[in-house]
file protein-v1.pdb (PDB, C-alpha atoms)
ATOM      1  CA  MET E   1      90.114  91.197 120.565  1.00  0.00           C
ATOM      2  CA  ILE E   2      87.087  88.918 120.286  1.00  0.00           C
ATOM      3  CA  LEU E   3      86.854  86.337 117.510  1.00  0.00           C
ATOM      4  CA  LEU E   4      83.656  86.366 115.456  1.00  0.00           C
ATOM      5  CA  PRO E   5      81.721  83.088 115.333  1.00  0.00           C
ATOM      6  CA  PHE E   6      83.170  81.067 112.469  1.00  0.00           C
ATOM      7  CA  GLU E   7      79.831  81.050 110.649  1.00  0.00           C
ATOM      8  CA  ARG E   8      79.866  84.872 110.537  1.00  0.00           C
ATOM      9  CA  LEU E   9      83.270  85.125 108.889  1.00  0.00           C
ATOM     10  CA  PRO E  10      83.377  86.267 105.239  1.00  0.00           C
ATOM     11  CA  ARG E  11      82.955  83.487 102.685  1.00  0.00           C
ATOM     12  CA  ALA E  12      86.669  83.555 101.775  1.00  0.00           C
ATOM     13  CA  PHE E  13      87.454  82.232 105.289  1.00  0.00           C
ATOM     14  CA  HIS E  14      85.142  79.219 105.073  1.00  0.00           C
ATOM     15  CA  SER E  15      87.744  76.550 104.440  1.00  0.00           C
ATOM     16  CA  ASP E  16      89.236  73.670 106.391  1.00  0.00           C
ATOM     17  CA  GLU E  17      92.627  75.394 106.345  1.00  0.00           C
ATOM     18  CA  VAL E  18      91.317  78.535 108.035  1.00  0.00           C
ATOM     19  CA  ARG E  19      89.159  76.534 110.428  1.00  0.00           C
ATOM     20  CA  ALA E  20      92.231  74.751 111.793  1.00  0.00           C
ATOM     21  CA  TYR E  21      93.830  78.081 112.781  1.00  0.00           C
ATOM     22  CA  TYR E  22      90.513  79.476 114.012  1.00  0.00           C
ATOM     23  CA  ASP E  23      90.174  76.537 116.415  1.00  0.00           C
ATOM     24  CA  ILE E  24      93.677  77.205 117.768  1.00  0.00           C
ATOM     25  CA  LEU E  25      92.910  80.877 118.411  1.00  0.00           C
ATOM     26  CA  SER E  26      89.475  80.171 119.870  1.00  0.00           C
ATOM     27  CA  ARG E  27      91.182  78.232 122.662  1.00  0.00           C
ATOM     28  CA  LYS E  28      93.276  81.297 123.513  1.00  0.00           C
ATOM     29  CA  ARG E  29      90.543  83.895 124.023  1.00  0.00           C
ATOM     30  CA  PHE E  30      92.026  85.199 127.279  1.00  0.00           C
ATOM     31  CA  SER E  31      95.371  85.829 125.552  1.00  0.00           C
ATOM     32  CA  LEU E  32      93.499  87.678 122.782  1.00  0.00           C
ATOM     33  CA  ILE E  33      91.796  89.896 125.377  1.00  0.00           C
ATOM     34  CA  LEU E  34      95.148  90.615 127.041  1.00  0.00           C
ATOM     35  CA  LYS E  35      96.627  91.390 123.626  1.00  0.00           C
ATOM     36  CA  ARG E  36      93.960  94.002 122.883  1.00  0.00           C
ATOM     37  CA  ALA E  37      94.190  95.546 126.364  1.00  0.00           C
ATOM     38  CA  THR E  38      97.976  95.826 125.999  1.00  0.00           C
ATOM     39  CA  ASP E  39      97.580  97.408 122.555  1.00  0.00           C
ATOM     40  CA  ILE E  40      95.306 100.109 123.981  1.00  0.00           C
ATOM     41  CA  ILE E  41      97.528 100.897 126.965  1.00  0.00           C
ATOM     42  CA  LEU E  42     100.807 100.865 125.025  1.00  0.00           C
ATOM     43  CA  SER E  43      99.441 102.860 122.075  1.00  0.00           C
ATOM     44  CA  LEU E  44      98.226 105.608 124.415  1.00  0.00           C
ATOM     45  CA  LEU E  45     101.591 105.633 126.186  1.00  0.00           C
ATOM     46  CA  VAL E  46     103.629 105.643 122.968  1.00  0.00           C
ATOM     47  CA  ALA E  47     101.473 108.358 121.404  1.00  0.00           C
ATOM     48  CA  ALA E  48     101.941 110.575 124.469  1.00  0.00           C
ATOM     49  CA  LEU E  49     105.699 109.996 124.703  1.00  0.00           C
ATOM     50  CA  LEU E  50     106.452 110.340 121.004  1.00  0.00           C
ATOM     51  CA  LEU E  51     104.083 113.140 120.034  1.00  0.00           C
ATOM     52  CA  ILE E  52     106.881 115.742 120.018  1.00  0.00           C
ATOM     53  CA  PRO E  53     109.409 113.491 118.186  1.00  0.00           C
ATOM     54  CA  MET E  54     106.741 112.730 115.583  1.00  0.00           C
ATOM     55  CA  ALA E  55     106.132 116.444 115.138  1.00  0.00           C
ATOM     56  CA  VAL E  56     109.880 116.977 114.620  1.00  0.00           C
ATOM     57  CA  ILE E  57     109.999 114.184 112.031  1.00  0.00           C
ATOM     58  CA  ALA E  58     107.042 115.751 110.234  1.00  0.00           C
ATOM     59  CA  VAL E  59     108.838 119.116 110.037  1.00  0.00           C
ATOM     60  CA  VAL E  60     112.057 117.507 108.749  1.00  0.00           C
ATOM     61  CA  ILE E  61     110.184 115.625 106.013  1.00  0.00           C
ATOM     62  CA  LYS E  62     108.336 118.771 104.955  1.00  0.00           C
ATOM     63  CA  CYS E  63     111.530 120.818 104.828  1.00  0.00           C
ATOM     64  CA  THR E  64     113.650 118.302 102.903  1.00  0.00           C
ATOM     65  CA  SER E  65     111.359 117.027 100.143  1.00  0.00           C
ATOM     66  CA  LYS E  66     108.270 118.087  98.240  1.00  0.00           C
ATOM     67  CA  GLY E  67     105.001 116.431  99.078  1.00  0.00           C
ATOM     68  CA  PRO E  68     102.838 115.476 102.062  1.00  0.00           C
ATOM     69  CA  VAL E  69     104.288 114.404 105.389  1.00  0.00           C
ATOM     70  CA  LEU E  70     102.205 111.232 105.575  1.00  0.00           C
ATOM     71  CA  TYR E  71     101.919 108.442 103.034  1.00  0.00           C
ATOM     72  CA  ARG E  72      98.594 106.640 102.724  1.00  0.00           C
ATOM     73  CA  GLN E  73      98.030 103.310 101.029  1.00  0.00           C
ATOM     74  CA  GLU E  74      95.149 100.861 101.129  1.00  0.00           C
ATOM     75  CA  ARG E  75      95.992  97.690 103.025  1.00  0.00           C
ATOM     76  CA  VAL E  76      94.063  94.687 104.335  1.00  0.00           C
ATOM     77  CA  THR E  77      93.545  93.753 107.982  1.00  0.00           C
ATOM     78  CA  THR E  78      91.211  91.589 110.101  1.00  0.00           C
ATOM     79  CA  TYR E  79      88.637  89.532 108.170  1.00  0.00           C
ATOM     80  CA  GLY E  80      89.730  91.145 104.915  1.00  0.00           C
ATOM     81  CA  ARG E  81      88.713  94.663 105.919  1.00  0.00           C
ATOM     82  CA  LYS E  82      90.484  97.432 104.033  1.00  0.00           C
ATOM     83  CA  PHE E  83      91.979 100.555 105.602  1.00  0.00           C
ATOM     84  CA  ASN E  84      94.379 103.328 104.642  1.00  0.00           C
ATOM     85  CA  ILE E  85      97.647 102.721 106.441  1.00  0.00           C
ATOM     86  CA  LEU E  86      99.569 105.799 107.596  1.00  0.00           C
ATOM     87  CA  LYS E  87     103.340 106.098 107.456  1.00  0.00           C
ATOM     88  CA  PHE E  88     105.761 108.981 107.406  1.00  0.00           C
ATOM     89  CA  ARG E  89     106.576 109.499 103.733  1.00  0.00           C
ATOM     90  CA  THR E  90     110.022 108.103 102.926  1.00  0.00           C
ATOM     91  CA  MET E  91     109.867 108.167  99.120  1.00  0.00           C
ATOM     92  CA  VAL E  92     109.458 110.789  96.440  1.00  0.00           C
ATOM     93  CA  VAL E  93     105.910 111.775  95.544  1.00  0.00           C
ATOM     94  CA  GLY E  94     104.396 109.381  93.005  1.00  0.00           C
ATOM     95  CA  ALA E  95     106.886 106.609  93.760  1.00  0.00           C
ATOM     96  CA  ASP E  96     104.159 103.955  93.682  1.00  0.00           C
ATOM     97  CA  ARG E  97     103.398 104.967  90.086  1.00  0.00           C
ATOM     98  CA  GLU E  98     107.037 104.856  89.024  1.00  0.00           C
ATOM     99  CA  GLY E  99     107.885 101.310  90.026  1.00  0.00           C
ATOM    100  CA  ALA E 100     106.943  98.268  92.068  1.00  0.00           C
ATOM    101  CA  LEU E 101     104.963  98.435  95.296  1.00  0.00           C
ATOM    102  CA  ILE E 102     107.785  96.569  97.038  1.00  0.00           C
ATOM    103  CA  THR E 103     110.980  98.459  97.816  1.00  0.00           C
ATOM    104  CA  SER E 104     114.495  97.616  98.952  1.00  0.00           C
ATOM    105  CA  HIS E 105     116.949  99.697 100.983  1.00  0.00           C
ATOM    106  CA  ALA E 106     118.768 100.641  97.778  1.00  0.00           C
ATOM    107  CA  ASP E 107     115.618 101.848  95.988  1.00  0.00           C
ATOM    108  CA  SER E 108     116.391 105.160  94.271  1.00  0.00           C
ATOM    109  CA  ARG E 109     112.894 106.426  95.065  1.00  0.00           C
ATOM    110  CA  VAL E 110     113.672 106.584  98.789  1.00  0.00           C
ATOM    111  CA  THR E 111     114.664 110.050 100.036  1.00  0.00           C
ATOM    112  CA  ALA E 112     117.771 110.719 102.131  1.00  0.00           C
ATOM    113  CA  VAL E 113     115.676 111.342 105.243  1.00  0.00           C
ATOM    114  CA  GLY E 114     113.534 108.350 104.329  1.00  0.00           C
ATOM    115  CA  ARG E 115     116.510 105.985 104.498  1.00  0.00           C
ATOM    116  CA  THR E 116     117.158 106.966 108.097  1.00  0.00           C
ATOM    117  CA  LEU E 117     113.487 106.668 109.013  1.00  0.00           C
ATOM    118  CA  ARG E 118     113.303 103.217 107.453  1.00  0.00           C
ATOM    119  CA  ARG E 119     116.517 102.053 109.071  1.00  0.00           C
ATOM    120  CA  PHE E 120     115.123 102.704 112.549  1.00  0.00           C
ATOM    121  CA  ARG E 121     111.496 101.998 111.508  1.00  0.00           C
ATOM    122  CA  LEU E 122     110.508 105.522 112.514  1.00  0.00           C
ATOM    123  CA  ASP E 123     108.288 105.751 109.439  1.00  0.00           C
ATOM    124  CA  GLU E 124     105.975 103.280 111.186  1.00  0.00           C
ATOM    125  CA  LEU E 125     105.253 105.557 114.178  1.00  0.00           C
ATOM    126  CA  PRO E 126     101.922 106.964 112.892  1.00  0.00           C
ATOM    127  CA  GLN E 127     100.580 103.412 112.893  1.00  0.00           C
ATOM    128  CA  VAL E 128     100.282 103.632 116.667  1.00  0.00           C
ATOM    129  CA  PHE E 129      96.952 105.376 116.028  1.00  0.00           C
ATOM    130  CA  HIS E 130      95.806 102.374 113.985  1.00  0.00           C
ATOM    131  CA  VAL E 131      96.653 100.185 116.977  1.00  0.00           C
ATOM    132  CA  LEU E 132      94.550 102.384 119.243  1.00  0.00           C
ATOM    133  CA  SER E 133      91.586 102.143 116.850  1.00  0.00           C
ATOM    134  CA  GLY E 134      91.879  98.356 116.583  1.00  0.00           C
ATOM    135  CA  LYS E 135      92.741  98.266 112.868  1.00  0.00           C
ATOM    136  CA  MET E 136      96.214  97.046 113.760  1.00  0.00           C
ATOM    137  CA  SER E 137      98.104  95.507 116.659  1.00  0.00           C
ATOM    138  CA  PHE E 138     101.683  95.923 117.790  1.00  0.00           C
ATOM    139  CA  VAL E 139     102.327  92.296 116.804  1.00  0.00           C
ATOM    140  CA  GLY E 140     100.718  90.533 113.861  1.00  0.00           C
ATOM    141  CA  THR E 141     101.128  89.849 110.154  1.00  0.00           C
ATOM    142  CA  ARG E 142     102.330  92.937 108.276  1.00  0.00           C
ATOM    143  CA  PRO E 143      99.395  94.281 106.227  1.00  0.00           C
ATOM    144  CA  GLU E 144      99.546  93.615 102.509  1.00  0.00           C
ATOM    145  CA  VAL E 145      97.976  95.520  99.614  1.00  0.00           C
ATOM    146  CA  THR E 146      94.817  94.065  98.073  1.00  0.00           C
ATOM    147  CA  ARG E 147      96.523  92.800  94.914  1.00  0.00           C
ATOM    148  CA  TYR E 148      98.697  90.452  96.993  1.00  0.00           C
ATOM    149  CA  VAL E 149      95.912  89.365  99.348  1.00  0.00           C
ATOM    150  CA  ASP E 150      93.871  88.400  96.291  1.00  0.00           C
ATOM    151  CA  GLN E 151      96.560  85.800  95.581  1.00  0.00           C
ATOM    152  CA  TYR E 152      96.582  84.254  99.070  1.00  0.00           C
ATOM    153  CA  THR E 153      96.118  80.508  99.348  1.00  0.00           C
ATOM    154  CA  PRO E 154      93.275  79.300 101.621  1.00  0.00           C
ATOM    155  CA  GLU E 155      95.820  78.710 104.402  1.00  0.00           C
ATOM    156  CA  MET E 156      97.292  82.214 104.047  1.00  0.00           C
ATOM    157  CA  MET E 157      93.815  83.669 104.604  1.00  0.00           C
ATOM    158  CA  ALA E 158      94.096  82.480 108.217  1.00  0.00           C
ATOM    159  CA  THR E 159      96.565  85.318 108.894  1.00  0.00           C
ATOM    160  CA  LEU E 160      93.622  87.714 108.532  1.00  0.00           C
ATOM    161  CA  LEU E 161      91.872  86.242 111.559  1.00  0.00           C
ATOM    162  CA  MET E 162      93.870  88.729 113.640  1.00  0.00           C
ATOM    163  CA  PRO E 163      94.676  92.432 113.169  1.00  0.00           C
ATOM    164  CA  ALA E 164      97.639  93.354 110.996  1.00  0.00           C
ATOM    165  CA  GLY E 165     100.764  94.165 112.997  1.00  0.00           C
ATOM    166  CA  ILE E 166     103.409  96.864 113.170  1.00  0.00           C
ATOM    167  CA  THR E 167     105.952  94.110 113.715  1.00  0.00           C
ATOM    168  CA  SER E 168     105.802  90.386 113.113  1.00  0.00           C
ATOM    169  CA  LEU E 169     107.769  87.171 113.410  1.00  0.00           C
ATOM    170  CA  ALA E 170     108.400  87.389 109.659  1.00  0.00           C
ATOM    171  CA  SER E 171     109.719  90.963 109.967  1.00  0.00           C
ATOM    172  CA  ILE E 172     112.244  89.786 112.538  1.00  0.00           C
ATOM    173  CA  GLU E 173     113.277  86.401 111.178  1.00  0.00           C
ATOM    174  CA  TYR E 174     112.989  86.769 107.389  1.00  0.00           C
ATOM    175  CA  LYS E 175     116.120  88.592 106.265  1.00  0.00           C
ATOM    176  CA  ASP E 176     116.285  87.885 102.537  1.00  0.00           C
ATOM    177  CA  GLU E 177     113.589  90.177 101.113  1.00  0.00           C
ATOM    178  CA  ASP E 178     115.749  93.248 100.480  1.00  0.00           C
ATOM    179  CA  GLU E 179     118.579  91.132  99.078  1.00  0.00           C
ATOM    180  CA  ILE E 180     116.274  89.296  96.661  1.00  0.00           C
ATOM    181  CA  ILE E 181     114.499  92.452  95.498  1.00  0.00           C
ATOM    182  CA  GLY E 182     117.809  94.287  95.152  1.00  0.00           C
ATOM    183  CA  ARG E 183     118.985  91.667  92.614  1.00  0.00           C
ATOM    184  CA  ILE E 184     115.954  92.105  90.351  1.00  0.00           C
ATOM    185  CA  GLU E 185     116.863  94.270  87.369  1.00  0.00           C
ATOM    186  CA  ASP E 186     113.481  94.168  85.626  1.00  0.00           C
ATOM    187  CA  PRO E 187     110.881  96.182  87.639  1.00  0.00           C
ATOM    188  CA  ASP E 188     108.085  94.197  85.998  1.00  0.00           C
ATOM    189  CA  MET E 189     109.421  91.026  87.624  1.00  0.00           C
ATOM    190  CA  VAL E 190     109.319  92.348  91.195  1.00  0.00           C
ATOM    191  CA  ASP E 191     105.666  91.466  91.775  1.00  0.00           C
ATOM    192  CA  VAL E 192     106.099  88.056  90.136  1.00  0.00           C
ATOM    193  CA  ILE E 193     109.052  87.120  92.342  1.00  0.00           C
ATOM    194  CA  TYR E 194     107.445  88.610  95.452  1.00  0.00           C
ATOM    195  CA  VAL E 195     104.268  86.543  95.061  1.00  0.00           C
ATOM    196  CA  GLY E 196     106.029  83.398  93.891  1.00  0.00           C
ATOM    197  CA  GLU E 197     109.058  83.333  96.196  1.00  0.00           C
ATOM    198  CA  ILE E 198     109.072  85.941  98.970  1.00  0.00           C
ATOM    199  CA  LEU E 199     105.429  85.947 100.088  1.00  0.00           C
ATOM    200  CA  PRO E 200     105.223  82.164 100.694  1.00  0.00           C
ATOM    201  CA  GLN E 201     108.371  82.260 102.847  1.00  0.00           C
ATOM    202  CA  LYS E 202     107.099  85.210 104.894  1.00  0.00           C
ATOM    203  CA  MET E 203     103.725  83.536 105.277  1.00  0.00           C
ATOM    204  CA  ALA E 204     105.380  80.422 106.676  1.00  0.00           C
ATOM    205  CA  TYR E 205     106.576  82.576 109.587  1.00  0.00           C
ATOM    206  CA  ASN E 206     103.190  84.277 109.915  1.00  0.00           C
ATOM    207  CA  LEU E 207     101.345  80.962 110.071  1.00  0.00           C
ATOM    208  CA  SER E 208     103.848  79.668 112.598  1.00  0.00           C
ATOM    209  CA  TYR E 209     103.061  82.741 114.719  1.00  0.00           C
ATOM    210  CA  LEU E 210      99.348  81.867 114.636  1.00  0.00           C
ATOM    211  CA  ARG E 211      99.945  78.257 115.607  1.00  0.00           C
ATOM    212  CA  ASP E 212     102.106  79.246 118.562  1.00  0.00           C
ATOM    213  CA  PHE E 213     100.274  82.470 119.501  1.00  0.00           C
ATOM    214  CA  SER E 214     100.442  83.538 123.140  1.00  0.00           C
ATOM    215  CA  PHE E 215     100.375  86.832 125.009  1.00  0.00           C
ATOM    216  CA  VAL E 216     103.861  86.187 126.405  1.00  0.00           C
ATOM    217  CA  GLY E 217     105.075  85.398 122.907  1.00  0.00           C
ATOM    218  CA  ASP E 218     103.822  88.792 121.713  1.00  0.00           C
ATOM    219  CA  LEU E 219     105.740  90.529 124.493  1.00  0.00           C
ATOM    220  CA  ARG E 220     108.904  88.680 123.474  1.00  0.00           C
ATOM    221  CA  LEU E 221     108.476  89.713 119.829  1.00  0.00           C
ATOM    222  CA  MET E 222     108.032  93.369 120.834  1.00  0.00           C
ATOM    223  CA  VAL E 223     111.208  93.280 122.928  1.00  0.00           C
ATOM    224  CA  LYS E 224     113.078  91.499 120.127  1.00  0.00           C
ATOM    225  CA  THR E 225     111.910  94.117 117.615  1.00  0.00           C
ATOM    226  CA  VAL E 226     113.223  96.968 119.763  1.00  0.00           C
ATOM    227  CA  GLY E 227     116.522  95.140 120.122  1.00  0.00           C
ATOM    228  CA  ARG E 228     116.853  94.614 116.376  1.00  0.00           C
ATOM    229  CA  VAL E 229     116.111  98.269 115.617  1.00  0.00           C
ATOM    230  CA  PHE E 230     118.783  99.591 117.964  1.00  0.00           C
ATOM    231  CA  LEU E 231     121.391  96.931 117.254  1.00  0.00           C
TER     232      LEU E 231
END

call {"tool": "encode", "arguments": {"input": "protein-v1.pdb", "output": "structure tokens"}}
result
Amino acid sequence: MILLPFERLPRAFHSDEVRAYYDILSRKRFSLILKRATDIILSLLVAALLLIPMAVIAVVIKCTSKGPVLYRQERVTTYGRKFNILKFRTMVVGADREGALITSHADSRVTAVGRTLRRFRLDELPQVFHVLSGKMSFVGTRPEVTRYVDQYTPEMMATLLMPAGITSLASIEYKDEDEIIGRIEDPDMVDVIYVGEILPQKMAYNLSYLRDFSFVGDLRLMVKTVGRVFL
């Protein structure tokens, strides 16, 4: 990954807050190159090894619930670029029109197969192709939908200096999201509480990741993610 010159970044990134993180990353260009090279190699390897398991998952989803195998939703990645993220569908068709965009483990819209896929993060497997294309990375801030990115503070915008990630420091360390969302009885309040309470706490981890970014640190987060999934 090569950083654009700061002057060529979109206008939304032209702030002192973003510049501080940009300067940190600009001093770690070799680590950024290693990160991208690792993404390419690992995504090719994972895609080759898991092609058959992904095909099996696709068949199981198709046989157990109505609707498409893959779920697509617009998300935001590097420099505010939008893309359609791919996941194995874990919810009933039309779930995003029936409730909040944020879900918890107890969400009634999640299918039986979907709960297992989510538990082991198998629904994320198709994103390996996003990593190969450069839209995502194995490690980075989890991509948000546009309506939440529109409410980012200037400092939060710094998380978009790097590709969105399949896993992140926030995904590993922040454990309260499902518990908080599960306590909300009014669906209309989910977005309010997410933006006001959950998002700032997750972003604190994401910004910490940027400040301390290193290639070795990414490798540690990948290993830690695998450990969390299986344990």

call {"tool": "resolve_selection", "arguments": {"input": "protein-v1.pdb", "expression": "the PyMOL selection byres ((chain E and resi 119-130) around 7)", "output": "VMD selection string"}}
result
chain E and resid 43 47 86 to 88 115 to 118 131 to 136 229

call {"tool": "write_last_selection", "arguments": {"input": "protein-v1.pdb", "atoms": "C-alpha atoms", "output": "PDB file, in the coordinates of the input"}}
result
ATOM      1  CA  SER E  43      99.441 102.860 122.075  1.00  0.00           C
ATOM      2  CA  ALA E  47     101.473 108.358 121.404  1.00  0.00           C
ATOM      3  CA  LEU E  86      99.569 105.799 107.596  1.00  0.00           C
ATOM      4  CA  LYS E  87     103.340 106.098 107.456  1.00  0.00           C
ATOM      5  CA  PHE E  88     105.761 108.981 107.406  1.00  0.00           C
ATOM      6  CA  ARG E 115     116.510 105.985 104.498  1.00  0.00           C
ATOM      7  CA  THR E 116     117.158 106.966 108.097  1.00  0.00           C
ATOM      8  CA  LEU E 117     113.487 106.668 109.013  1.00  0.00           C
ATOM      9  CA  ARG E 118     113.303 103.217 107.453  1.00  0.00           C
ATOM     10  CA  VAL E 131      96.653 100.185 116.977  1.00  0.00           C
ATOM     11  CA  LEU E 132      94.550 102.384 119.243  1.00  0.00           C
ATOM     12  CA  SER E 133      91.586 102.143 116.850  1.00  0.00           C
ATOM     13  CA  GLY E 134      91.879  98.356 116.583  1.00  0.00           C
ATOM     14  CA  LYS E 135      92.741  98.266 112.868  1.00  0.00           C
ATOM     15  CA  MET E 136      96.214  97.046 113.760  1.00  0.00           C
ATOM     16  CA  VAL E 229     116.111  98.269 115.617  1.00  0.00           C
TER      17      VAL E 229
END

call {"tool": "resolve_selection", "arguments": {"input": "protein-v1.pdb", "expression": "the PyMOL selection byres ((chain E and resi 83) around 12)", "output": "count of residues only"}}
result
26

call {"tool": "atom_distance", "arguments": {"input": "protein-v1.pdb", "atom1": "CA of Lys35 (chain E)", "atom2": "CA of Glu177 (chain E)"}}
result
28.2 Å

call {"tool": "residues_around", "arguments": {"input": "protein-v1.pdb", "residues": "Arg19 (chain E)", "least_positions_apart": "2", "cutoff": "12 Å", "atoms": "only C-alpha atoms", "output": "ChimeraX atom specification"}}
result
/E:5-7,9,12-17,21-26,154-159,161

call {"tool": "atom_distance", "arguments": {"input": "protein-v1.pdb", "atom1": "CA of Ile198 (chain E)", "atom2": "CA of Val92 (chain E)"}}
result
25.0 Å

call {"tool": "atom_distance", "arguments": {"input": "protein-v1.pdb", "atom1": "CA of Leu3 (chain E)", "atom2": "CA of Gly140 (chain E)"}}
result
14.9 Å

call {"tool": "residues_around", "arguments": {"input": "protein-v1.pdb", "residues": "region 165-169 of chain E", "least_positions_apart": "3", "cutoff": "8 Å", "atoms": "all atoms listed in the file", "output": "JSON, numbers by chain"}}
result
{"E": [124, 127, 136, 137, 138, 139, 140, 141, 142, 143, 172, 173, 174, 205, 206, 209, 221, 222, 225]}

call {"tool": "resolve_selection", "arguments": {"input": "protein-v1.pdb", "expression": "the PyMOL selection byres ((chain E and resi 180) around 9)", "output": "VMD selection string"}}
result
chain E and resid 104 176 to 179 181 to 184 193 to 194 198

call {"tool": "closest_residue", "arguments": {"input": "protein-v1.pdb", "among": "E:Val110, E:Leu32, E:Met91, E:Leu42", "to": "Val216 (chain E)", "atoms": "only C-alpha atoms"}}
result
E:Leu32

call {"tool": "closest_residue", "arguments": {"input": "protein-v1.pdb", "among": "E:Leu44, E:Met189, E:Met162, E:Val113", "to": "Leu210 (chain E)", "atoms": "only C-alpha atoms"}}
result
E:Met162

call {"tool": "closest_residue", "arguments": {"input": "protein-v1.pdb", "among": "E:Ile2, E:Val192, E:Ile57, E:Val226", "to": "Ala37 (chain E)", "atoms": "only C-alpha atoms"}}
result
E:Ile2

call {"tool": "decode", "arguments": {"input": "protein-v1.pdb", "residues": "region 77-91 of chain E", "atoms": "N, CA, C and O atoms", "output": "short mmCIF file (atom, residue, chain, number, x, y, z; two decimals), in the first residue's frame"}}
result
data_model
loop_
_atom_site.label_atom_id
_atom_site.label_comp_id
_atom_site.auth_asym_id
_atom_site.auth_seq_id
_atom_site.Cartn_x
_atom_site.Cartn_y
_atom_site.Cartn_z
N THR E 77 -14.23 2.40 2.49
CA THR E 77 -12.86 1.95 2.72
C THR E 77 -11.89 3.12 2.48
O THR E 77 -12.26 4.28 2.69
N THR E 78 -10.69 2.83 2.03
CA THR E 78 -9.62 3.82 1.92
C THR E 78 -10.05 5.12 1.24
O THR E 78 -10.66 5.10 0.18
N TYR E 79 -9.70 6.24 1.89
CA TYR E 79 -9.96 7.58 1.37
C TYR E 79 -11.44 7.85 1.12
O TYR E 79 -11.80 8.68 0.29
N GLY E 80 -12.31 7.11 1.80
CA GLY E 80 -13.73 7.33 1.66
C GLY E 80 -14.36 6.66 0.46
O GLY E 80 -15.53 6.93 0.13
N ARG E 81 -13.60 5.80 -0.22
CA ARG E 81 -14.16 5.10 -1.38
C ARG E 81 -15.21 4.09 -0.94
O ARG E 81 -15.05 3.41 0.07
N LYS E 82 -16.27 3.97 -1.73
CA LYS E 82 -17.35 3.05 -1.42
C LYS E 82 -17.21 1.76 -2.23
O LYS E 82 -16.74 1.78 -3.37
N PHE E 83 -17.60 0.64 -1.62
CA PHE E 83 -17.58 -0.64 -2.31
C PHE E 83 -18.67 -1.51 -1.72
O PHE E 83 -19.17 -1.25 -0.62
N ASN E 84 -19.06 -2.54 -2.45
CA ASN E 84 -20.07 -3.48 -1.97
C ASN E 84 -19.39 -4.66 -1.30
O ASN E 84 -18.78 -5.50 -1.98
N ILE E 85 -19.48 -4.71 0.01
CA ILE E 85 -18.84 -5.79 0.75
C ILE E 85 -19.61 -7.09 0.53
O ILE E 85 -20.84 -7.08 0.39
N LEU E 86 -18.89 -8.20 0.47
CA LEU E 86 -19.50 -9.51 0.27
C LEU E 86 -19.36 -10.34 1.55
O LEU E 86 -18.27 -10.43 2.11
N LYS E 87 -20.46 -10.92 1.97
CA LYS E 87 -20.46 -11.86 3.09
C LYS E 87 -21.40 -13.01 2.73
O LYS E 87 -22.30 -12.85 1.90
N PHE E 88 -21.19 -14.15 3.36
CA PHE E 88 -22.20 -15.19 3.27
C PHE E 88 -23.43 -14.69 4.01
O PHE E 88 -23.32 -14.14 5.11
N ARG E 89 -24.60 -14.86 3.42
CA ARG E 89 -25.82 -14.36 4.05
C ARG E 89 -26.12 -15.15 5.32
O ARG E 89 -26.20 -16.36 5.31
N THR E 90 -26.30 -14.43 6.42
CA THR E 90 -26.58 -15.07 7.71
C THR E 90 -27.95 -14.66 8.26
O THR E 90 -28.34 -15.12 9.33
N MET E 91 -28.66 -13.79 7.54
CA MET E 91 -29.95 -13.30 8.02
C MET E 91 -31.03 -13.57 6.97
O MET E 91 -30.72 -13.90 5.82
#
